[in-house]
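Next comes upload_1.cif, with mmCIF, N, CA and C atoms and all ligand atoms.
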```cif
data_target
#
loop_
_atom_site.label_atom_id
_atom_site.label_comp_id
_atom_site.auth_asym_id
_atom_site.auth_seq_id
_atom_site.Cartn_x
_atom_site.Cartn_y
_atom_site.Cartn_z
N MET R 1 0.84 -1.20 0.00
CA MET R 1 0.00 0.00 0.00
C MET R 1 0.87 1.25 0.00
N SER R 2 0.58 2.15 -0.89
CA SER R 2 1.41 3.35 -0.93
C SER R 2 0.79 4.46 -0.09
N GLU R 3 1.62 5.24 0.51
CA GLU R 3 1.17 6.31 1.38
C GLU R 3 1.73 7.62 0.84
N THR R 4 0.89 8.64 0.76
CA THR R 4 1.38 9.92 0.27
C THR R 4 2.05 10.67 1.41
N GLN R 5 3.30 10.98 1.23
CA GLN R 5 4.04 11.72 2.25
C GLN R 5 4.05 13.20 1.87
N GLU R 6 3.43 14.01 2.69
CA GLU R 6 3.44 15.45 2.46
C GLU R 6 4.74 16.03 2.98
N ILE R 7 5.46 16.70 2.12
CA ILE R 7 6.65 17.42 2.60
C ILE R 7 6.22 18.83 2.95
N THR R 8 6.32 19.17 4.20
CA THR R 8 5.81 20.47 4.67
C THR R 8 6.78 21.59 4.26
N PRO R 9 6.26 22.82 4.15
CA PRO R 9 7.15 23.96 3.92
C PRO R 9 8.25 24.04 4.97
N TYR R 10 7.92 23.66 6.21
CA TYR R 10 8.90 23.65 7.30
C TYR R 10 10.11 22.79 6.94
N GLU R 11 9.82 21.60 6.40
CA GLU R 11 10.91 20.71 5.99
C GLU R 11 11.61 21.23 4.75
N GLN R 12 10.82 21.78 3.82
CA GLN R 12 11.41 22.29 2.58
C GLN R 12 12.40 23.43 2.85
N ILE R 13 12.04 24.30 3.79
CA ILE R 13 12.94 25.41 4.14
C ILE R 13 14.23 24.88 4.74
N GLY R 14 14.11 23.83 5.55
CA GLY R 14 15.31 23.26 6.17
C GLY R 14 15.23 23.15 7.69
N GLY R 15 13.99 23.18 8.22
CA GLY R 15 13.81 22.92 9.65
C GLY R 15 14.08 24.11 10.55
N GLU R 16 14.23 23.81 11.83
CA GLU R 16 14.27 24.85 12.87
C GLU R 16 15.31 25.95 12.63
N LEU R 17 16.55 25.55 12.34
CA LEU R 17 17.60 26.56 12.21
C LEU R 17 17.32 27.50 11.04
N ALA R 18 16.77 26.93 9.96
CA ALA R 18 16.48 27.75 8.78
C ALA R 18 15.32 28.71 9.06
N VAL R 19 14.33 28.27 9.85
CA VAL R 19 13.21 29.16 10.18
C VAL R 19 13.72 30.28 11.10
N ARG R 20 14.57 29.92 12.05
CA ARG R 20 15.17 30.96 12.92
C ARG R 20 15.96 31.97 12.11
N LYS R 21 16.71 31.47 11.14
CA LYS R 21 17.53 32.34 10.30
C LYS R 21 16.64 33.33 9.53
N LEU R 22 15.54 32.81 8.98
CA LEU R 22 14.61 33.66 8.22
C LEU R 22 14.03 34.76 9.12
N VAL R 23 13.61 34.38 10.32
CA VAL R 23 13.02 35.34 11.25
C VAL R 23 14.04 36.40 11.67
N ASN R 24 15.25 35.96 11.96
CA ASN R 24 16.28 36.92 12.38
C ASN R 24 16.60 37.91 11.27
N ARG R 25 16.69 37.41 10.06
CA ARG R 25 16.98 38.29 8.93
C ARG R 25 15.80 39.24 8.68
N PHE R 26 14.56 38.72 8.81
CA PHE R 26 13.35 39.54 8.66
C PHE R 26 13.41 40.75 9.60
N TYR R 27 13.71 40.51 10.87
CA TYR R 27 13.74 41.63 11.82
C TYR R 27 14.97 42.51 11.64
N GLU R 28 16.07 41.93 11.15
CA GLU R 28 17.25 42.74 10.86
C GLU R 28 16.93 43.75 9.75
N ILE R 29 16.22 43.28 8.73
CA ILE R 29 15.81 44.16 7.64
C ILE R 29 14.86 45.23 8.17
N MET R 30 13.87 44.80 8.97
CA MET R 30 12.92 45.76 9.55
C MET R 30 13.66 46.82 10.37
N ASP R 31 14.71 46.39 11.05
CA ASP R 31 15.43 47.27 11.96
C ASP R 31 16.34 48.26 11.23
N THR R 32 16.71 47.96 10.01
CA THR R 32 17.74 48.78 9.34
C THR R 32 17.31 49.42 8.03
N ASP R 33 16.31 48.86 7.36
CA ASP R 33 15.95 49.36 6.03
C ASP R 33 14.95 50.51 6.15
N PRO R 34 15.28 51.68 5.61
CA PRO R 34 14.39 52.85 5.73
C PRO R 34 12.99 52.59 5.16
N VAL R 35 12.86 51.68 4.20
CA VAL R 35 11.54 51.35 3.63
C VAL R 35 10.59 50.85 4.73
N ALA R 36 11.16 50.21 5.76
CA ALA R 36 10.34 49.59 6.81
C ALA R 36 10.24 50.46 8.06
N ALA R 37 10.59 51.73 7.96
CA ALA R 37 10.63 52.59 9.15
C ALA R 37 9.27 52.66 9.85
N GLY R 38 8.19 52.67 9.10
CA GLY R 38 6.85 52.77 9.69
C GLY R 38 6.52 51.56 10.55
N VAL R 39 6.75 50.37 10.01
CA VAL R 39 6.43 49.15 10.75
C VAL R 39 7.43 48.95 11.89
N ARG R 40 8.67 49.39 11.71
CA ARG R 40 9.66 49.30 12.80
C ARG R 40 9.22 50.14 14.00
N ALA R 41 8.64 51.31 13.69
CA ALA R 41 8.30 52.26 14.75
C ALA R 41 7.20 51.75 15.68
N ILE R 42 6.33 50.85 15.21
CA ILE R 42 5.27 50.36 16.10
C ILE R 42 5.72 49.14 16.91
N HIS R 43 6.95 48.65 16.66
CA HIS R 43 7.48 47.54 17.46
C HIS R 43 8.25 48.08 18.67
N GLN R 44 8.48 47.21 19.63
CA GLN R 44 9.30 47.55 20.80
C GLN R 44 10.71 47.89 20.33
N PRO R 45 11.42 48.74 21.09
CA PRO R 45 12.82 49.02 20.75
C PRO R 45 13.65 47.73 20.66
N ASP R 46 13.42 46.81 21.59
CA ASP R 46 14.13 45.52 21.57
C ASP R 46 13.27 44.48 20.84
N LEU R 47 13.81 43.93 19.76
CA LEU R 47 13.02 43.00 18.92
C LEU R 47 13.21 41.53 19.33
N THR R 48 13.94 41.30 20.41
CA THR R 48 14.27 39.91 20.77
C THR R 48 13.03 39.05 21.00
N LEU R 49 12.09 39.57 21.79
CA LEU R 49 10.90 38.78 22.12
C LEU R 49 10.01 38.61 20.88
N ALA R 50 9.89 39.66 20.09
CA ALA R 50 9.10 39.57 18.86
C ALA R 50 9.67 38.49 17.95
N ALA R 51 11.00 38.43 17.85
CA ALA R 51 11.65 37.43 16.98
C ALA R 51 11.40 36.03 17.52
N GLU R 52 11.49 35.87 18.83
CA GLU R 52 11.27 34.54 19.41
C GLU R 52 9.83 34.09 19.16
N LYS R 53 8.88 35.02 19.35
CA LYS R 53 7.47 34.65 19.17
C LYS R 53 7.14 34.37 17.71
N LEU R 54 7.72 35.15 16.81
CA LEU R 54 7.45 34.89 15.39
C LEU R 54 8.05 33.54 14.99
N PHE R 55 9.23 33.23 15.51
CA PHE R 55 9.80 31.91 15.24
C PHE R 55 8.88 30.79 15.73
N LEU R 56 8.42 30.91 16.98
CA LEU R 56 7.54 29.87 17.54
C LEU R 56 6.28 29.72 16.71
N PHE R 57 5.73 30.88 16.28
CA PHE R 57 4.50 30.85 15.49
C PHE R 57 4.75 30.21 14.12
N LEU R 58 5.79 30.66 13.43
CA LEU R 58 6.03 30.17 12.07
C LEU R 58 6.36 28.68 12.05
N SER R 59 6.96 28.19 13.13
CA SER R 59 7.25 26.76 13.20
C SER R 59 5.97 25.96 12.93
N GLY R 60 4.90 26.28 13.63
CA GLY R 60 3.63 25.58 13.43
C GLY R 60 2.95 25.98 12.12
N TRP R 61 2.99 27.26 11.81
CA TRP R 61 2.33 27.79 10.61
C TRP R 61 2.88 27.14 9.33
N LEU R 62 4.17 26.79 9.36
CA LEU R 62 4.81 26.17 8.20
C LEU R 62 4.67 24.66 8.19
N GLY R 63 3.98 24.12 9.20
CA GLY R 63 3.76 22.68 9.22
C GLY R 63 4.73 21.91 10.10
N GLY R 64 5.54 22.63 10.86
CA GLY R 64 6.46 21.98 11.81
C GLY R 64 5.85 21.90 13.19
N PRO R 65 6.67 21.72 14.22
CA PRO R 65 6.14 21.61 15.60
C PRO R 65 5.36 22.87 16.00
N PRO R 66 4.16 22.70 16.58
CA PRO R 66 3.32 23.85 16.94
C PRO R 66 3.79 24.51 18.24
N LEU R 67 4.99 25.08 18.21
CA LEU R 67 5.65 25.56 19.43
C LEU R 67 4.91 26.72 20.09
N PHE R 68 4.34 27.62 19.27
CA PHE R 68 3.64 28.78 19.86
C PHE R 68 2.44 28.32 20.67
N VAL R 69 1.64 27.43 20.05
CA VAL R 69 0.43 26.93 20.72
C VAL R 69 0.80 26.19 22.00
N GLU R 70 1.87 25.40 21.95
CA GLU R 70 2.30 24.66 23.15
C GLU R 70 2.66 25.61 24.29
N LYS R 71 3.26 26.74 23.95
CA LYS R 71 3.76 27.64 24.99
C LYS R 71 2.72 28.67 25.43
N TYR R 72 1.97 29.21 24.46
CA TYR R 72 1.07 30.34 24.77
C TYR R 72 -0.40 30.06 24.52
N GLY R 73 -0.73 28.90 23.94
CA GLY R 73 -2.13 28.64 23.57
C GLY R 73 -2.45 29.23 22.21
N HIS R 74 -3.74 29.30 21.91
CA HIS R 74 -4.16 29.78 20.59
C HIS R 74 -3.59 31.17 20.33
N PRO R 75 -2.97 31.39 19.16
CA PRO R 75 -2.30 32.68 18.93
C PRO R 75 -3.24 33.89 18.84
N MET R 76 -4.49 33.69 18.45
CA MET R 76 -5.43 34.83 18.30
C MET R 76 -4.73 36.00 17.61
N LEU R 77 -4.13 35.68 16.48
CA LEU R 77 -3.20 36.61 15.85
C LEU R 77 -3.84 37.94 15.48
N ARG R 78 -5.07 37.86 14.95
CA ARG R 78 -5.70 39.12 14.53
C ARG R 78 -5.99 40.01 15.74
N ALA R 79 -6.52 39.39 16.79
CA ALA R 79 -6.82 40.15 18.01
C ALA R 79 -5.56 40.78 18.59
N ARG R 80 -4.46 40.04 18.55
CA ARG R 80 -3.21 40.56 19.11
C ARG R 80 -2.64 41.71 18.30
N HIS R 81 -3.07 41.84 17.07
CA HIS R 81 -2.60 42.96 16.24
C HIS R 81 -3.54 44.16 16.27
N LEU R 82 -4.70 44.02 16.92
CA LEU R 82 -5.68 45.13 16.92
C LEU R 82 -5.16 46.40 17.59
N PRO R 83 -4.28 46.29 18.61
CA PRO R 83 -3.76 47.55 19.20
C PRO R 83 -2.96 48.40 18.22
N PHE R 84 -2.54 47.81 17.10
CA PHE R 84 -1.76 48.56 16.13
C PHE R 84 -2.63 48.88 14.92
N ARG R 85 -2.45 50.09 14.41
CA ARG R 85 -3.20 50.47 13.21
C ARG R 85 -2.48 49.89 12.00
N ILE R 86 -3.07 48.86 11.39
CA ILE R 86 -2.42 48.20 10.26
C ILE R 86 -3.23 48.47 8.98
N ASP R 87 -2.70 49.38 8.17
CA ASP R 87 -3.32 49.68 6.87
C ASP R 87 -2.48 49.01 5.78
N GLU R 88 -2.84 49.28 4.52
CA GLU R 88 -2.13 48.62 3.42
C GLU R 88 -0.64 48.93 3.44
N ARG R 89 -0.33 50.17 3.77
CA ARG R 89 1.08 50.57 3.77
C ARG R 89 1.87 49.80 4.83
N MET R 90 1.28 49.68 6.02
CA MET R 90 1.92 48.92 7.10
C MET R 90 2.10 47.45 6.68
N ARG R 91 1.03 46.90 6.14
CA ARG R 91 1.07 45.51 5.66
C ARG R 91 2.20 45.33 4.65
N ASP R 92 2.29 46.27 3.71
CA ASP R 92 3.28 46.13 2.65
C ASP R 92 4.71 46.32 3.16
N GLU R 93 4.87 47.14 4.19
CA GLU R 93 6.21 47.28 4.78
C GLU R 93 6.62 45.97 5.46
N TRP R 94 5.67 45.36 6.15
CA TRP R 94 5.93 44.06 6.80
C TRP R 94 6.32 43.02 5.73
N LEU R 95 5.50 42.99 4.67
CA LEU R 95 5.75 42.00 3.61
C LEU R 95 7.07 42.29 2.89
N TYR R 96 7.42 43.56 2.74
CA TYR R 96 8.68 43.92 2.11
C TYR R 96 9.84 43.24 2.84
N CYS R 97 9.82 43.30 4.17
CA CYS R 97 10.90 42.68 4.96
C CYS R 97 10.91 41.17 4.76
N MET R 98 9.74 40.56 4.79
CA MET R 98 9.67 39.10 4.68
C MET R 98 10.06 38.64 3.27
N TYR R 99 9.59 39.35 2.26
CA TYR R 99 9.93 38.97 0.88
C TYR R 99 11.43 39.13 0.65
N LYS R 100 12.01 40.18 1.21
CA LYS R 100 13.45 40.41 1.02
C LYS R 100 14.26 39.30 1.71
N ALA R 101 13.85 38.95 2.91
CA ALA R 101 14.53 37.86 3.63
C ALA R 101 14.41 36.56 2.85
N MET R 102 13.23 36.31 2.27
CA MET R 102 13.04 35.08 1.50
C MET R 102 13.83 35.12 0.19
N ASP R 103 13.90 36.30 -0.44
CA ASP R 103 14.69 36.42 -1.68
C ASP R 103 16.12 35.97 -1.44
N GLU R 104 16.66 36.35 -0.29
CA GLU R 104 18.04 35.99 0.03
C GLU R 104 18.19 34.51 0.36
N GLN R 105 17.26 34.01 1.17
CA GLN R 105 17.44 32.65 1.70
C GLN R 105 16.88 31.55 0.80
N LEU R 106 15.85 31.89 0.03
CA LEU R 106 15.19 30.86 -0.77
C LEU R 106 15.38 31.10 -2.27
N ALA R 107 16.49 31.72 -2.62
CA ALA R 107 16.74 32.08 -4.02
C ALA R 107 16.66 30.86 -4.94
N GLU R 108 17.08 29.72 -4.41
CA GLU R 108 17.10 28.52 -5.27
C GLU R 108 15.84 27.67 -5.11
N GLN R 109 14.86 28.17 -4.36
CA GLN R 109 13.62 27.40 -4.17
C GLN R 109 12.43 28.28 -4.60
N SER R 110 12.40 28.57 -5.90
CA SER R 110 11.44 29.57 -6.37
C SER R 110 9.98 29.14 -6.18
N ASP R 111 9.68 27.85 -6.30
CA ASP R 111 8.30 27.40 -6.11
C ASP R 111 7.87 27.61 -4.65
N LEU R 112 8.74 27.21 -3.74
CA LEU R 112 8.46 27.39 -2.32
C LEU R 112 8.31 28.88 -2.00
N LYS R 113 9.21 29.68 -2.54
CA LYS R 113 9.19 31.12 -2.28
C LYS R 113 7.86 31.72 -2.77
N ALA R 114 7.45 31.36 -3.98
CA ALA R 114 6.19 31.90 -4.53
C ALA R 114 5.00 31.47 -3.67
N HIS R 115 5.02 30.22 -3.25
CA HIS R 115 3.94 29.71 -2.39
C HIS R 115 3.87 30.48 -1.07
N LEU R 116 5.04 30.69 -0.47
CA LEU R 116 5.07 31.38 0.83
C LEU R 116 4.73 32.87 0.69
N GLU R 117 5.11 33.46 -0.42
CA GLU R 117 4.74 34.87 -0.65
C GLU R 117 3.22 35.02 -0.63
N GLN R 118 2.54 34.11 -1.31
CA GLN R 118 1.07 34.14 -1.33
C GLN R 118 0.50 33.94 0.07
N ALA R 119 1.06 32.95 0.77
CA ALA R 119 0.54 32.62 2.10
C ALA R 119 0.77 33.78 3.08
N PHE R 120 1.96 34.40 3.01
CA PHE R 120 2.24 35.55 3.89
C PHE R 120 1.33 36.72 3.52
N MET R 121 1.11 36.91 2.22
CA MET R 121 0.23 38.01 1.79
C MET R 121 -1.17 37.83 2.38
N ARG R 122 -1.71 36.61 2.30
CA ARG R 122 -3.05 36.37 2.84
C ARG R 122 -3.09 36.62 4.35
N THR R 123 -2.08 36.11 5.06
CA THR R 123 -2.06 36.26 6.52
C THR R 123 -1.88 37.72 6.92
N ALA R 124 -0.99 38.42 6.21
CA ALA R 124 -0.75 39.83 6.53
C ALA R 124 -2.00 40.66 6.23
N ASP R 125 -2.68 40.34 5.15
CA ASP R 125 -3.88 41.11 4.81
C ASP R 125 -5.00 40.86 5.83
N PHE R 126 -5.02 39.65 6.37
CA PHE R 126 -5.99 39.29 7.42
C PHE R 126 -5.76 40.15 8.67
N MET R 127 -4.53 40.57 8.87
CA MET R 127 -4.17 41.38 10.04
C MET R 127 -4.54 42.86 9.86
N ARG R 128 -4.86 43.23 8.62
CA ARG R 128 -5.16 44.63 8.33
C ARG R 128 -6.45 45.03 9.04
N ASN R 129 -6.42 46.16 9.73
CA ASN R 129 -7.61 46.62 10.46
C ASN R 129 -7.91 48.08 10.14
N ALA R 130 -7.29 48.60 9.08
CA ALA R 130 -7.54 49.97 8.63
C ALA R 130 -7.22 50.01 7.13
N GLY R 131 -7.72 51.10 6.47
CA GLY R 131 -7.53 51.27 5.02
C GLY R 131 -6.33 50.54 4.49
C1 LIG H 1 0.46 42.98 8.41
C2 LIG H 1 1.45 43.61 8.97
C3 LIG H 1 1.91 43.33 10.38
C4 LIG H 1 2.24 44.27 11.31
C5 LIG H 1 2.23 45.76 11.10
C6 LIG H 1 2.60 43.56 12.54
C7 LIG H 1 2.98 44.16 13.72
C8 LIG H 1 3.23 43.51 14.90
C9 LIG H 1 3.59 44.16 16.13
C10 LIG H 1 3.77 45.65 16.32
C11 LIG H 1 3.76 43.19 17.07
C12 LIG H 1 4.18 43.40 18.55
C13 LIG H 1 5.67 43.17 18.58
C14 LIG H 1 6.37 43.83 19.74
O1 LIG H 1 5.91 43.66 20.87
O2 LIG H 1 7.37 44.51 19.52
C15 LIG H 1 3.49 41.93 16.42
C16 LIG H 1 3.54 40.71 17.05
C17 LIG H 1 3.42 39.50 16.40
N1 LIG H 1 3.20 39.32 15.07
FE1 LIG H 1 2.84 40.76 13.70
N2 LIG H 1 2.50 42.22 12.32
C18 LIG H 1 2.08 42.03 11.02
C19 LIG H 1 1.90 40.82 10.40
C20 LIG H 1 2.16 39.59 10.95
C21 LIG H 1 2.08 38.34 10.25
C22 LIG H 1 1.72 38.20 8.76
C23 LIG H 1 2.39 37.37 11.14
C24 LIG H 1 2.47 35.89 10.96
C25 LIG H 1 2.70 35.31 9.80
C26 LIG H 1 2.65 38.02 12.42
C27 LIG H 1 2.99 37.38 13.59
C28 LIG H 1 3.17 37.97 14.80
C29 LIG H 1 3.38 37.25 16.05
C30 LIG H 1 3.40 35.74 16.24
C31 LIG H 1 3.52 38.22 17.05
C32 LIG H 1 3.71 37.96 18.56
C33 LIG H 1 2.33 37.97 19.16
C34 LIG H 1 2.34 37.87 20.67
O3 LIG H 1 2.83 38.77 21.33
O4 LIG H 1 1.82 36.89 21.18
N3 LIG H 1 2.50 39.36 12.25
N4 LIG H 1 3.18 42.15 15.11
#
```
Show how you would write the structure in this file as structure tokens.
Ligand code: HEM
Amino acid sequence: MSETQEITPYEQIGGELAVRKLVNRFYEIMDTDPVAAGVRAIHQPDLTLAAEKLFLFLSGWLGGPPLFVEKYGHPMLRARHLPFRIDERMRDEWLYCMYKAMDEQLAEQSDLKAHLEQAFMRTADFMRNAG
């Protein structure tokens, strides 16, 4: 009997270390690139906790271990973003950082990159709570 083995995006990226690398680079870009100044300004001065939480969340979101849920329970992601005014511009600054980090890290995995760009776009747009 044959069994279909789904290879998750988590595995395709390269597991825990690769997801951590992506998250760290994402916040490094947010922290330094003037294009992302607006979205940087609504984050805490210290991005360490934000990076850890995004890593935990993405681990499960990408099909790997559901670390965020294990530690904090249901993420309620949209509710947690309501204190911040997220319009199209804010969304696009966030996506700019993530797309740039993926361009660097997933240059040779164009199918995966295209798939994740779509998935991040949908999730980021779901977080939008203003124009
Ligand atoms: C659409 C644009 C987005 C903006 C402007 C935004 C902004 C923020 C801000 C300001 C925080 C608080 C961080 C801090 O305390 O310094 C945060 C937390 C977080 N964001 Fe976003 N975010 C966006 C999209 C996303 C997306 C697409 C994801 C997931 C794919 C995500 C996942 C998270 C997680 C997991 C946290 C931590 C939540 C917690 O504290 O429990 N965000 N975000």
Any idea what's packed within 8 Å of Met127 in chain R, counting all atoms listed in the file, ignoring anything in its chain fewer than 3 positions away? Could you give it as a list in words? Leu77, Arg78, Ala79, His81, Leu82, Arg85, Ile86, Asp87, Arg91, Met121, Arg122, Thr123, Ala124 and Ala130 of chain R
For the interface of chain R with ligand LIG 1 (chain H) (cut-off 6.5 Å, counting all atoms listed in the file), please tabulate each contacting residue of chain R alongside its nearest pair of atoms and their separation in Å to one decimal, rows sorted by chain and increasing number, as JSON lines.
```
{"residue": "R:Val39", "atom": "CA", "partner": "H:LIG1", "partner_atom": "C5", "distance": 5.4}
{"residue": "R:Ile42", "atom": "C", "partner": "H:LIG1", "partner_atom": "C10", "distance": 4.0}
{"residue": "R:His43", "atom": "CA", "partner": "H:LIG1", "partner_atom": "O2", "distance": 3.7}
{"residue": "R:Gln44", "atom": "N", "partner": "H:LIG1", "partner_atom": "O2", "distance": 2.9}
{"residue": "R:Pro45", "atom": "N", "partner": "H:LIG1", "partner_atom": "O2", "distance": 6.1}
{"residue": "R:Asp46", "atom": "C", "partner": "H:LIG1", "partner_atom": "O2", "distance": 6.0}
{"residue": "R:Leu47", "atom": "CA", "partner": "H:LIG1", "partner_atom": "O2", "distance": 5.9}
{"residue": "R:Leu49", "atom": "C", "partner": "H:LIG1", "partner_atom": "C14", "distance": 6.5}
{"residue": "R:Ala50", "atom": "CA", "partner": "H:LIG1", "partner_atom": "C13", "distance": 5.0}
{"residue": "R:Lys53", "atom": "C", "partner": "H:LIG1", "partner_atom": "C30", "distance": 4.2}
{"residue": "R:Leu54", "atom": "CA", "partner": "H:LIG1", "partner_atom": "C30", "distance": 4.2}
{"residue": "R:Phe55", "atom": "N", "partner": "H:LIG1", "partner_atom": "C30", "distance": 6.4}
{"residue": "R:Phe57", "atom": "CA", "partner": "H:LIG1", "partner_atom": "C30", "distance": 5.1}
{"residue": "R:Leu58", "atom": "N", "partner": "H:LIG1", "partner_atom": "C30", "distance": 6.3}
{"residue": "R:Pro75", "atom": "CA", "partner": "H:LIG1", "partner_atom": "O4", "distance": 6.3}
{"residue": "R:Arg80", "atom": "CA", "partner": "H:LIG1", "partner_atom": "C33", "distance": 6.1}
{"residue": "R:His81", "atom": "CA", "partner": "H:LIG1", "partner_atom": "N4", "distance": 5.9}
{"residue": "R:Phe84", "atom": "CA", "partner": "H:LIG1", "partner_atom": "C10", "distance": 6.3}
{"residue": "R:Arg85", "atom": "C", "partner": "H:LIG1", "partner_atom": "C5", "distance": 6.3}
{"residue": "R:Ile86", "atom": "CA", "partner": "H:LIG1", "partner_atom": "C5", "distance": 5.3}
{"residue": "R:Met90", "atom": "C", "partner": "H:LIG1", "partner_atom": "C2", "distance": 4.5}
{"residue": "R:Arg91", "atom": "CA", "partner": "H:LIG1", "partner_atom": "C1", "distance": 3.8}
{"residue": "R:Asp92", "atom": "N", "partner": "H:LIG1", "partner_atom": "C2", "distance": 6.0}
{"residue": "R:Trp94", "atom": "CA", "partner": "H:LIG1", "partner_atom": "C2", "distance": 5.0}
{"residue": "R:Leu95", "atom": "N", "partner": "H:LIG1", "partner_atom": "C2", "distance": 5.9}
{"residue": "R:Phe120", "atom": "C", "partner": "H:LIG1", "partner_atom": "C22", "distance": 5.5}
{"residue": "R:Thr123", "atom": "C", "partner": "H:LIG1", "partner_atom": "C22", "distance": 4.1}
{"residue": "R:Ala124", "atom": "CA", "partner": "H:LIG1", "partner_atom": "C22", "distance": 3.7}
{"residue": "R:Asp125", "atom": "N", "partner": "H:LIG1", "partner_atom": "C1", "distance": 5.2}
{"residue": "R:Met127", "atom": "CA", "partner": "H:LIG1", "partner_atom": "C1", "distance": 5.2}
{"residue": "R:Arg128", "atom": "N", "partner": "H:LIG1", "partner_atom": "C1", "distance": 5.3}
```
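When the distance limit is 10 Å and only C-alpha atoms are what count, the residues near Leu112 in chain R, minus those fewer than 3 positions from it on the same chain, are Pro9, Gln12, Ile13, Met102, Leu106, Ala107, Glu108, Gln109, His115, Leu116 and Glu117 of chain R.
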Choose the residue, out of R:Asp31, R:Ala114, R:Gly64, R:Thr48, that has the smallest atom-to-atom separation from Glu16 in chain R; count all atoms listed in the file. R:Gly64
For atom C of Val19 in chain R and CA of Asn129 in chain R, the interatomic separation in Å (one decimal): 26.9 Å
Would you please extract all helix (DSSP H, G or I) residues from range 18-103 of chain R, as assigned by DSSP on the backbone, and give them as JSON, numbers by chain? {"R": [18, 19, 20, 21, 22, 23, 24, 25, 26, 27, 28, 29, 30, 31, 32, 34, 35, 36, 37, 38, 39, 40, 41, 48, 49, 50, 51, 52, 53, 54, 55, 56, 57, 58, 59, 60, 61, 67, 68, 69, 70, 71, 72, 77, 78, 79, 80, 81, 88, 89, 90, 91, 92, 93, 94, 95, 96, 97, 98, 99, 100, 101, 102, 103]}
Got a sec: who's within 6 Å of range 22-26 of chain R, counting only C-alpha atoms, leaving out chain neighbours fewer than 4 positions off, as a PyMOL selection string? chain R and resi 97-98+101
Please indicate the distance in Å from CA of Val69 in chain R to CA of Ile7 in chain R, rounded to one decimal place.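 About the pair CA of Val69 in chain R and CA of Ile7 in chain R: they are 21.4 Å apart.
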Which is closest to Tyr10 in chain R among R:Thr32, R:Gln118, R:Ser59, R:Gln105, if we use only C-alpha atoms?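 Of R:Thr32, R:Gln118, R:Ser59, R:Gln105, the one nearest Tyr10 in chain R is R:Ser59, counting only C-alpha atoms.
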Can you measure atom C of Lys100 in chain R to CA of Trp61 in chain R for me? One decimal in Å is fine. 18.8 Å
